[in-house]
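As structure tokens, the structure follows; a few thoughts come after it.
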Amino acid sequence: MLVRKAAFERLELARAHFDARYNLTPDEFRVEGELIAIGPLYDEEALGALTGELETLGLVYFEDFVEMSGNWPQWLAMFARAR
């Protein structure tokens with residue numbers, strides 16, 4: 001999941017909440033420039049739960065966050081940035 005950092009901060013959300021709720025390791029919640037990358041989420045239901053939670057908190061899908069699901073080989077790295 002990619003979340004705009006500004007949207008996350010606008011709602012004063014806390015990383016600790018998401019770490020605990022989704023059992024994230026330090027590498028599974030990363031802040032890269034203006035984006036927050038959450039995941040990968042290994043529980044199939046976790047992606048839907050996270051999407052629903054972000055919307056309930058007031059974030060708008062596609063405007064504030066977007067899911068990047070897929071199954072890529074380990075040798076493939078993705079780079080994304082906000083503009």
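For the structure tokens, the naming scheme is as follows: chains receive sequential letters (A, B, ...) according to their order of presentation, residues are indexed from 1 within each chain, and ligands are indexed from 1 in presentation order.
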| task | For A:Phe18, please output as number ranges by chain all residues within 12 Å (counting only C-alpha atoms; exclusion window: fewer than 2 positions along the same chain). | result | A: 1, 8, 13-16, 20-26, 28-30, 36-39, 41, 46, 49-50, 53-54
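For the pair atom CA of A:Glu9 and atom CA of A:Glu55, the separation is 14.8 Å.
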| query | Could you write out, as a PyMOL selection string, all the residues of chain A that DSSP marks as alpha helix (DSSP H)? | reply | chain A and resi 5-10+15-22+44-56
| field | Non-local contacts of stretch 81-83 of chain A (8 Å; only C-alpha atoms; under 4 positions in same chain excluded) as a VMD selection string | value | chain A and resid 4 32 to 35
Grab the residues selected above and save them as a PDB file, in the first residue's frame with N, CA and C atoms.
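Writing the result to selection.pdb gives the following:
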```pdb
ATOM      1  N   ARG A   4       0.082   8.728   0.659  1.00  0.00           N
ATOM      2  CA  ARG A   4       0.722  10.041   0.640  1.00  0.00           C
ATOM      3  C   ARG A   4       1.051  10.445   2.068  1.00  0.00           C
ATOM      4  N   GLU A  32       9.480   7.013   2.352  1.00  0.00           N
ATOM      5  CA  GLU A  32      10.396   7.334   1.253  1.00  0.00           C
ATOM      6  C   GLU A  32       9.946   8.651   0.640  1.00  0.00           C
ATOM      7  N   GLY A  33      10.620   9.726   0.993  1.00  0.00           N
ATOM      8  CA  GLY A  33      10.225  11.034   0.475  1.00  0.00           C
ATOM      9  C   GLY A  33       8.820  11.384   0.910  1.00  0.00           C
ATOM     10  N   GLU A  34       7.937  11.605  -0.030  1.00  0.00           N
ATOM     11  CA  GLU A  34       6.554  11.994   0.261  1.00  0.00           C
ATOM     12  C   GLU A  34       5.584  10.807   0.270  1.00  0.00           C
ATOM     13  N   LEU A  35       6.128   9.587   0.240  1.00  0.00           N
ATOM     14  CA  LEU A  35       5.291   8.385   0.254  1.00  0.00           C
ATOM     15  C   LEU A  35       5.582   7.530   1.469  1.00  0.00           C
TER      16      LEU A  35
END
```
| Could you name the residues that touch stretch 58-65 of chain A at 9 Å or less, counting only C-alpha atoms, but leaving out those on the same chain fewer than 6 positions away, as a list in words? |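 The residues that qualify are Met1, Leu2, Val3, Arg4, Lys5, Ala6, Ala7, Phe8, Leu11 and Thr51 of chain A.
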Atoms to include: C-alpha atoms. Write the selected residues as a CSV table (one decimal), in the first residue's frame.
```csv
chain,number,residue,atom,x,y,z
A,1,MET,CA,0.0,0.0,0.0
A,2,LEU,CA,1.3,3.5,-0.9
A,3,VAL,CA,0.0,6.4,1.2
A,4,ARG,CA,0.7,10.0,0.6
A,5,LYS,CA,2.8,11.2,3.6
A,6,ALA,CA,0.9,14.5,3.7
A,7,ALA,CA,-2.5,12.7,4.0
A,8,PHE,CA,-1.2,10.4,6.8
A,11,LEU,CA,-5.0,13.0,10.0
A,51,THR,CA,-8.1,-0.3,2.7
```
| task | Choose the residue, out of A:Leu57, A:Ser69, A:Asp19, A:Glu12, that has the smallest atom-to-atom separation from A:Pro40; count only C-alpha atoms. | result |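 Among the listed residues, A:Ser69 lies closest to A:Pro40.
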| said: I need the residues of stretch 31-80 of chain A that end up classed as strand (DSSP E) by DSSP on the backbone, written out as a list in words. | reply: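 Put together, the selection reads Val31, Glu32, Leu35, Ile36, Ala37, Ile38, Phe65 and Val66 of chain A.
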